[in-house]
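Q: Here's a structure for you.
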Amino acid sequence: MLHSLTQLSSLLSDLPKGQLFVLTDSHTKVHCLPLFAESIGDFSYHLLTLEAGEVTKNLTSVQLVWDFLLKHRATREAVLVNLGGGMITDLGGFAAATYMRGIRFVNIPTTLLAMVDASSGGKTGFDYKGVKNAIGTFTLPLATLIHLDFLRTLPAEELLSGFAEMLKHALIASKEEWVNLLQLLQEELPHEQLVEALGSTGVLQASIAIKEKVVAQDPHETGLRKILNFGHTVGHAIESAALERNALPHGYCVLWGMVAEVYLSVVKLGCPREVLQQLTQIMLQYYGRPQCNCKQREQLIQRMYQDKKNSANRTPNFTLLRAVGEPEINQYVSEKDIDEALEYLFSL
Ligand SMILES: NC(=O)c1ccc[n+]([C@@H]2O[C@H](COP(=O)([O-])OP(=O)(O)OC[C@H]3O[C@@H](n4cnc5c(N)ncnc54)[C@H](O)[C@@H]3O)[C@@H](O)[C@H]2O)c1
Ligand SMILES: [Zn+2]
């Protein structure tokens, strides 16, 4: 359920004393905790802070959260507040879902990516043995609280990263949202104004609603939910190839992945070419060209075979578009077509 931060106190009204726990990372402790503390008034809480960054999303950190809960005698009535980006909401969600067979947790996402994607939908987990999100559960938070002010301190690159997932939601589900986002981007607003416009134009709420609606229809990703993987078959391949040198923001990889996958959509499903032109323009204006040592197309295609969405003995599995708002899941595309799409992406 979505609420605003002001509703936190009422959500916690039945909470026994000493049973409120808060998890932050080293950045959100500085930038977001003061506002959070203000919003809960007299409530006291126990705080645990982890080092910021995806490298922290590991089993050792999960154990630190369990130890923290045990040390302060958290009972089954306890509530864990995850105050941070997707790293914190995924990891804290997992720790809460497993502590004493599950305690309640509230997500307060502080990045755009976590607001529109990571903090809703119930996926929790952590990275294990080099595999991203290898261990996890499907567990819904008690609530997800959205508060735009947190985005004011977010680095511009992180804001754009989250915006890419909003573009994805629009492409798979809503012509109207797509047009609204194109309009917003045309205005080239500075950071502060863009943050404000995300709220005042309704595009943020619309984007969250798209994800929530898809998840509600397919909570465990047996079918329809795969539409949320649009852009991710190519995107993950670029992301993991780049990881060998330096991490790239997830949303940037998804944006580049979507350019290649819209290209495939034009070729395979007759998606209007105009969509490809619009997305390519956004890429060139805001995200730049793929910056990675991943331009060996053959190698990228091999990585797509390793994608967890694949069935054995088949070419990589894509979600493609017939048009904006008309996705098709389980599209198996030949290596030759994928190669052509990558050639387009890298020629821009
Ligand atoms: N559960 C899901 O369905 C789902 C979906 C998408 C992504 N994810 C996961 O989410 C994670 C990525 O999320 P993310 O992009 O939010 O990463 P993140 O949590 O690492 O945050 C990115 C950076 O921004 C900093 N930050 C966060 N809020 C800030 C603020 N308000 N001001 C200044 N700095 C701030 C963080 O400290 C970090 O350095 C990945 O682990 C990914 O697997 C999960
Ligand atoms: Zn994503």
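Starting from 1 in every chain, residues are counted up; chains themselves are A, B, ... following the order of the structure tokens, and ligands are numbered from 1 as listed.
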Taking the DSSP secondary structure from the backbone, can you list the residues of stretch 37-153 of chain A that are helix (DSSP H, G or I), as a PyMOL selection string?

A: chain A and resi 37-39+54-56+59-71+86-101+112-118+148-153

Q: Could you build a table of the residues in chain A lying no more than 8 Å from ligand 2, giving for each the nearest pair of atoms and their separation in Å rounded to one decimal place, using only C-alpha atoms and all ligand atoms, ordered by chain and ascending residue number, as JSON lines?

A:
```
{"residue": "A:Asp117", "atom": "CA", "partner": "ligand 2", "partner_atom_place_in_ligand_line": "1 (Zn)", "distance": 7.4}
{"residue": "A:Glu165", "atom": "CA", "partner": "ligand 2", "partner_atom_place_in_ligand_line": "1 (Zn)", "distance": 6.2}
{"residue": "A:Leu228", "atom": "CA", "partner": "ligand 2", "partner_atom_place_in_ligand_line": "1 (Zn)", "distance": 7.9}
{"residue": "A:Asn229", "atom": "CA", "partner": "ligand 2", "partner_atom_place_in_ligand_line": "1 (Zn)", "distance": 7.2}
{"residue": "A:His232", "atom": "CA", "partner": "ligand 2", "partner_atom_place_in_ligand_line": "1 (Zn)", "distance": 6.6}
{"residue": "A:His250", "atom": "CA", "partner": "ligand 2", "partner_atom_place_in_ligand_line": "1 (Zn)", "distance": 6.5}
{"residue": "A:Gly251", "atom": "CA", "partner": "ligand 2", "partner_atom_place_in_ligand_line": "1 (Zn)", "distance": 6.3}
{"residue": "A:Val254", "atom": "CA", "partner": "ligand 2", "partner_atom_place_in_ligand_line": "1 (Zn)", "distance": 6.3}
```

Q: Save out the residues we just selected, N, CA and C atoms, as a compact mmCIF listing (two decimals), in the first residue's frame.

A:
```txt
# COMPACT_ATOMS: atom_id res chain seq x y z
N ASP A 117 10.21 1.45 -8.45
CA ASP A 117 10.47 0.05 -8.79
C ASP A 117 10.77 -0.81 -7.56
N GLU A 165 13.47 3.69 -15.56
CA GLU A 165 12.44 2.69 -15.22
C GLU A 165 11.04 3.29 -15.41
N LEU A 228 7.66 -6.40 -17.11
CA LEU A 228 8.53 -5.45 -16.41
C LEU A 228 10.00 -5.66 -16.77
N ASN A 229 10.30 -6.78 -17.43
CA ASN A 229 11.68 -7.05 -17.85
C ASN A 229 12.02 -6.39 -19.19
N HIS A 232 15.49 -5.24 -20.21
CA HIS A 232 16.43 -5.84 -19.26
C HIS A 232 17.25 -7.00 -19.83
N HIS A 250 22.16 1.12 -12.97
CA HIS A 250 21.25 0.14 -13.56
C HIS A 250 20.32 0.77 -14.61
N GLY A 251 19.75 1.91 -14.28
CA GLY A 251 18.79 2.54 -15.19
C GLY A 251 19.40 2.91 -16.54
N VAL A 254 19.44 -0.15 -18.56
CA VAL A 254 18.08 -0.46 -19.01
C VAL A 254 17.69 0.44 -20.19
```

Q: Distance limit 6 Å, reference ligand 1, atoms considered: only C-alpha atoms and all ligand atoms. Which residues make the cut? Give them as an MDAnalysis selection string.

A: chainID A and resid 25 27:28 31:32 52:54 84:88 90 110:111 113:114 117:118 121 123:124 150:151 153:154

Q: Quick one: write out the picked residues with C-alpha atoms as a PDB file, in the first residue's frame?

A:
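Generated file (result31.pdb):
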```pdb
ATOM      1  CA  ASP A  25      23.055   3.364   4.516  1.00  0.00           C
ATOM      2  CA  HIS A  27      24.401   8.347   2.634  1.00  0.00           C
ATOM      3  CA  THR A  28      20.757   8.146   3.645  1.00  0.00           C
ATOM      4  CA  HIS A  31      20.603  13.054   3.825  1.00  0.00           C
ATOM      5  CA  CYS A  32      17.346  11.360   4.807  1.00  0.00           C
ATOM      6  CA  ALA A  52      26.366   2.673   0.963  1.00  0.00           C
ATOM      7  CA  GLY A  53      26.731   0.758  -2.290  1.00  0.00           C
ATOM      8  CA  GLU A  54      25.682  -2.465  -3.996  1.00  0.00           C
ATOM      9  CA  GLY A  84      17.169   4.155   1.519  1.00  0.00           C
ATOM     10  CA  GLY A  85      17.441   3.126  -2.093  1.00  0.00           C
ATOM     11  CA  GLY A  86      16.845  -0.325  -3.537  1.00  0.00           C
ATOM     12  CA  MET A  87      19.936  -1.735  -1.849  1.00  0.00           C
ATOM     13  CA  ILE A  88      18.437  -0.996   1.576  1.00  0.00           C
ATOM     14  CA  ASP A  90      15.864  -5.255  -0.818  1.00  0.00           C
ATOM     15  CA  THR A 110      14.860   7.623  -1.078  1.00  0.00           C
ATOM     16  CA  THR A 111      15.943   7.126  -4.703  1.00  0.00           C
ATOM     17  CA  LEU A 113      14.513   3.956  -8.764  1.00  0.00           C
ATOM     18  CA  ALA A 114      13.390   2.600  -5.416  1.00  0.00           C
ATOM     19  CA  ASP A 117      10.466   0.046  -8.786  1.00  0.00           C
ATOM     20  CA  ALA A 118      12.457  -1.590  -5.989  1.00  0.00           C
ATOM     21  CA  GLY A 121       6.207  -5.555  -5.649  1.00  0.00           C
ATOM     22  CA  LYS A 123      10.842  -8.854  -4.092  1.00  0.00           C
ATOM     23  CA  THR A 124      13.467  -8.902  -1.333  1.00  0.00           C
ATOM     24  CA  PHE A 150      14.234  12.936  -0.412  1.00  0.00           C
ATOM     25  CA  LEU A 151      15.080  13.238  -4.109  1.00  0.00           C
ATOM     26  CA  THR A 153      19.845  15.407  -2.486  1.00  0.00           C
ATOM     27  CA  LEU A 154      19.984  12.518  -4.942  1.00  0.00           C
TER      28      LEU A 154
END
```

Q: Just want the 8 Å neighbourhood of A:Trp66, counted on only C-alpha atoms, with same-chain residues fewer than 4 positions away dropped. Output as number ranges by chain.

A: A: 62, 70, 95, 99

Q: Between A:Leu243, A:Leu160, A:Met304, A:Ser207, which is the closest to A:Gly288 once you count only C-alpha atoms?

A: A:Leu160

Q: Please identify all polymer residues within 12 Å of A:Ile208, counting only C-alpha atoms, omitting same-chain residues fewer than 3 positions from it, and present them as a VMD selection string.

A: chain A and resid 1 to 3 112 to 121 144 to 146 162 to 163 165 to 170 173 177 198 to 199 202 to 205 211 to 215

Q: Go ahead and save the residues from that selection, with C-alpha atoms, as a PDB file, in the first residue's frame.

A:
```pdb
ATOM      1  CA  MET A   1       0.000   0.000   0.000  1.00  0.00           C
ATOM      2  CA  LEU A   2       1.249   3.473  -0.825  1.00  0.00           C
ATOM      3  CA  HIS A   3       1.169   6.248   1.726  1.00  0.00           C
ATOM      4  CA  LEU A 112      13.682   7.512  -7.718  1.00  0.00           C
ATOM      5  CA  LEU A 113      14.513   3.956  -8.764  1.00  0.00           C
ATOM      6  CA  ALA A 114      13.390   2.600  -5.416  1.00  0.00           C
ATOM      7  CA  MET A 115      10.229   4.753  -5.445  1.00  0.00           C
ATOM      8  CA  VAL A 116       9.021   3.548  -8.830  1.00  0.00           C
ATOM      9  CA  ASP A 117      10.466   0.046  -8.786  1.00  0.00           C
ATOM     10  CA  ALA A 118      12.457  -1.590  -5.989  1.00  0.00           C
ATOM     11  CA  SER A 119      10.324  -0.674  -2.977  1.00  0.00           C
ATOM     12  CA  SER A 120       7.077  -2.158  -4.278  1.00  0.00           C
ATOM     13  CA  GLY A 121       6.207  -5.555  -5.649  1.00  0.00           C
ATOM     14  CA  THR A 144       5.660   1.960   1.092  1.00  0.00           C
ATOM     15  CA  LEU A 145       5.851   5.652   1.941  1.00  0.00           C
ATOM     16  CA  ILE A 146       6.672   8.085  -0.847  1.00  0.00           C
ATOM     17  CA  GLY A 162      15.257   5.903 -11.904  1.00  0.00           C
ATOM     18  CA  PHE A 163      13.697   7.906 -14.731  1.00  0.00           C
ATOM     19  CA  GLU A 165      12.443   2.693 -15.224  1.00  0.00           C
ATOM     20  CA  MET A 166       9.617   5.259 -15.482  1.00  0.00           C
ATOM     21  CA  LEU A 167      10.141   5.360 -19.243  1.00  0.00           C
ATOM     22  CA  LYS A 168       9.966   1.554 -19.214  1.00  0.00           C
ATOM     23  CA  HIS A 169       6.670   1.559 -17.299  1.00  0.00           C
ATOM     24  CA  ALA A 170       5.214   4.015 -19.805  1.00  0.00           C
ATOM     25  CA  ALA A 173       1.658   0.137 -20.218  1.00  0.00           C
ATOM     26  CA  GLU A 177       2.232   8.323 -19.557  1.00  0.00           C
ATOM     27  CA  LEU A 198       7.456  14.458 -10.912  1.00  0.00           C
ATOM     28  CA  GLY A 199       4.894  15.035  -8.191  1.00  0.00           C
ATOM     29  CA  GLY A 202       1.249  13.051 -11.526  1.00  0.00           C
ATOM     30  CA  VAL A 203       3.813  11.071 -13.555  1.00  0.00           C
ATOM     31  CA  LEU A 204       5.456   9.543 -10.481  1.00  0.00           C
ATOM     32  CA  GLN A 205       2.185   8.242  -9.038  1.00  0.00           C
ATOM     33  CA  LYS A 211       4.100  -1.427 -11.447  1.00  0.00           C
ATOM     34  CA  GLU A 212       1.617  -2.138  -8.648  1.00  0.00           C
ATOM     35  CA  LYS A 213      -1.078  -3.144 -11.122  1.00  0.00           C
ATOM     36  CA  VAL A 214       1.188  -5.570 -12.968  1.00  0.00           C
ATOM     37  CA  VAL A 215       2.475  -7.098  -9.732  1.00  0.00           C
TER      38      VAL A 215
END
```

Q: Where in stretch 55-281 of chain A does DSSP assign strand (DSSP E or B), given as a ChimeraX atom specification?

A: /A:79-84,104-109,123-128,131-138,143-146

Q: Could you write out that same residue set with N, CA, C and O atoms as a short mmCIF file (atom, residue, chain, number, x, y, z; two decimals), in the first residue's frame?

A:
```cif
data_model
loop_
_atom_site.label_atom_id
_atom_site.label_comp_id
_atom_site.auth_asym_id
_atom_site.auth_seq_id
_atom_site.Cartn_x
_atom_site.Cartn_y
_atom_site.Cartn_z
N VAL A 79 8.73 -3.52 14.05
CA VAL A 79 8.67 -3.00 12.68
C VAL A 79 10.06 -2.51 12.28
O VAL A 79 10.71 -1.79 13.04
N LEU A 80 10.51 -2.93 11.10
CA LEU A 80 11.78 -2.43 10.56
C LEU A 80 11.46 -1.42 9.46
O LEU A 80 10.71 -1.74 8.52
N VAL A 81 12.02 -0.23 9.58
CA VAL A 81 11.85 0.78 8.54
C VAL A 81 13.11 0.76 7.67
O VAL A 81 14.22 0.92 8.17
N ASN A 82 12.93 0.55 6.39
CA ASN A 82 14.05 0.58 5.44
C ASN A 82 14.09 1.94 4.78
O ASN A 82 13.27 2.25 3.92
N LEU A 83 15.04 2.76 5.20
CA LEU A 83 15.14 4.14 4.71
C LEU A 83 16.33 4.23 3.76
O LEU A 83 17.48 4.39 4.19
N GLY A 84 16.06 4.11 2.47
CA GLY A 84 17.17 4.16 1.52
C GLY A 84 16.73 3.79 0.11
O GLY A 84 15.53 3.72 -0.19
N ARG A 104 7.12 -7.27 10.45
CA ARG A 104 6.63 -6.26 9.50
C ARG A 104 7.76 -5.29 9.12
O ARG A 104 8.64 -5.01 9.92
N PHE A 105 7.71 -4.82 7.88
CA PHE A 105 8.67 -3.78 7.50
C PHE A 105 7.97 -2.72 6.65
O PHE A 105 7.00 -3.00 5.95
N VAL A 106 8.49 -1.50 6.78
CA VAL A 106 7.96 -0.37 6.01
C VAL A 106 9.09 0.13 5.12
O VAL A 106 10.21 0.36 5.60
N ASN A 107 8.83 0.28 3.84
CA ASN A 107 9.84 0.83 2.94
C ASN A 107 9.65 2.34 2.77
O ASN A 107 8.55 2.79 2.45
N ILE A 108 10.73 3.07 2.99
CA ILE A 108 10.70 4.51 2.68
C ILE A 108 11.80 4.73 1.64
O ILE A 108 12.97 4.97 1.99
N PRO A 109 11.44 4.61 0.36
CA PRO A 109 12.45 4.72 -0.69
C PRO A 109 12.96 6.14 -0.83
O PRO A 109 12.17 7.08 -0.79
N LYS A 123 9.59 -8.09 -3.95
CA LYS A 123 10.84 -8.85 -4.09
C LYS A 123 11.86 -8.35 -3.08
O LYS A 123 12.14 -7.15 -3.02
N THR A 124 12.40 -9.27 -2.26
CA THR A 124 13.47 -8.90 -1.33
C THR A 124 14.67 -9.78 -1.64
O THR A 124 14.53 -10.80 -2.31
N GLY A 125 15.85 -9.41 -1.14
CA GLY A 125 16.97 -10.33 -1.36
C GLY A 125 18.32 -9.66 -1.30
O GLY A 125 18.45 -8.47 -0.99
N PHE A 126 19.33 -10.47 -1.58
CA PHE A 126 20.71 -9.96 -1.59
C PHE A 126 21.54 -10.73 -2.60
O PHE A 126 21.11 -11.77 -3.13
N ASP A 127 22.72 -10.17 -2.92
CA ASP A 127 23.62 -10.79 -3.91
C ASP A 127 24.45 -11.86 -3.21
O ASP A 127 24.87 -11.68 -2.07
N TYR A 128 24.70 -12.94 -3.92
CA TYR A 128 25.40 -14.06 -3.29
C TYR A 128 26.30 -14.74 -4.30
O TYR A 128 25.85 -15.06 -5.40
N VAL A 131 26.29 -13.57 -7.79
CA VAL A 131 25.02 -13.57 -8.55
C VAL A 131 24.08 -12.55 -7.91
O VAL A 131 23.76 -12.64 -6.72
N LYS A 132 23.64 -11.60 -8.73
CA LYS A 132 22.77 -10.55 -8.23
C LYS A 132 21.42 -11.12 -7.78
O LYS A 132 20.82 -11.93 -8.49
N ASN A 133 20.99 -10.72 -6.61
CA ASN A 133 19.69 -11.15 -6.06
C ASN A 133 19.52 -12.67 -6.07
O ASN A 133 18.43 -13.19 -6.30
N ALA A 134 20.62 -13.39 -5.80
CA ALA A 134 20.57 -14.86 -5.87
C ALA A 134 19.66 -15.44 -4.79
O ALA A 134 19.01 -16.45 -5.00
N ILE A 135 19.63 -14.80 -3.62
CA ILE A 135 18.82 -15.31 -2.51
C ILE A 135 17.77 -14.27 -2.17
O ILE A 135 18.09 -13.08 -2.04
N GLY A 136 16.51 -14.70 -2.02
CA GLY A 136 15.49 -13.71 -1.69
C GLY A 136 14.13 -14.34 -1.49
O GLY A 136 13.97 -15.55 -1.55
N THR A 137 13.18 -13.47 -1.21
CA THR A 137 11.80 -13.93 -0.98
C THR A 137 10.84 -12.98 -1.72
O THR A 137 11.23 -11.91 -2.16
N PHE A 138 9.61 -13.40 -1.84
CA PHE A 138 8.53 -12.48 -2.21
C PHE A 138 7.79 -12.16 -0.92
O PHE A 138 7.09 -13.01 -0.38
N ALA A 143 3.85 -1.20 4.31
CA ALA A 143 3.52 -0.01 3.51
C ALA A 143 4.77 0.50 2.82
O ALA A 143 5.89 0.21 3.26
N THR A 144 4.57 1.23 1.74
CA THR A 144 5.66 1.96 1.09
C THR A 144 5.29 3.43 1.15
O THR A 144 4.20 3.82 0.70
N LEU A 145 6.15 4.23 1.75
CA LEU A 145 5.85 5.65 1.94
C LEU A 145 6.67 6.48 0.96
O LEU A 145 7.90 6.37 0.93
N ILE A 146 5.99 7.29 0.18
CA ILE A 146 6.67 8.09 -0.85
C ILE A 146 6.79 9.54 -0.40
O ILE A 146 5.77 10.17 -0.07
#
```

Q: Go through A:Thr319, A:Ser44, A:Thr89, A:Thr75 one by one, measure the shortest atom-to-atom distance of each to A:Ile172 using only C-alpha atoms, and give the residue with the smallest value.

A: A:Thr319

Q: Do you have the atom CA of A:Tyr286-atom CA of A:Pro316 distance handy?

A: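 One can read the atom CA of A:Tyr286 to atom CA of A:Pro316 distance as 28.5 Å.
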
Q: Could you check which of A:Gly122, A:Pro327, A:Pro16, A:Gly93 is closest to A:Lys226, using only C-alpha atoms?

A: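 Between A:Gly122, A:Pro327, A:Pro16, A:Gly93, the residue approaching A:Lys226 most closely is A:Pro327.
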
Q: Compare A:Ala209, A:Ala341, A:Ala97, A:Leu284 by their minimum atom-to-atom distance to A:Val266, counting only C-alpha atoms, and give me the closest one.

A: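 Closest candidate: A:Ala341.
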
Q: Report, in Å with one decimal, the straight-line distance from atom CA of A:Leu276 to atom CA of A:Val262.

A: 5.9 Å

Q: One decimal, in Å: what's the spacing between atom CA of A:Asn180 and atom CA of A:Leu345?

A: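 Separation of atom CA of A:Asn180 and atom CA of A:Leu345: 24.8 Å.
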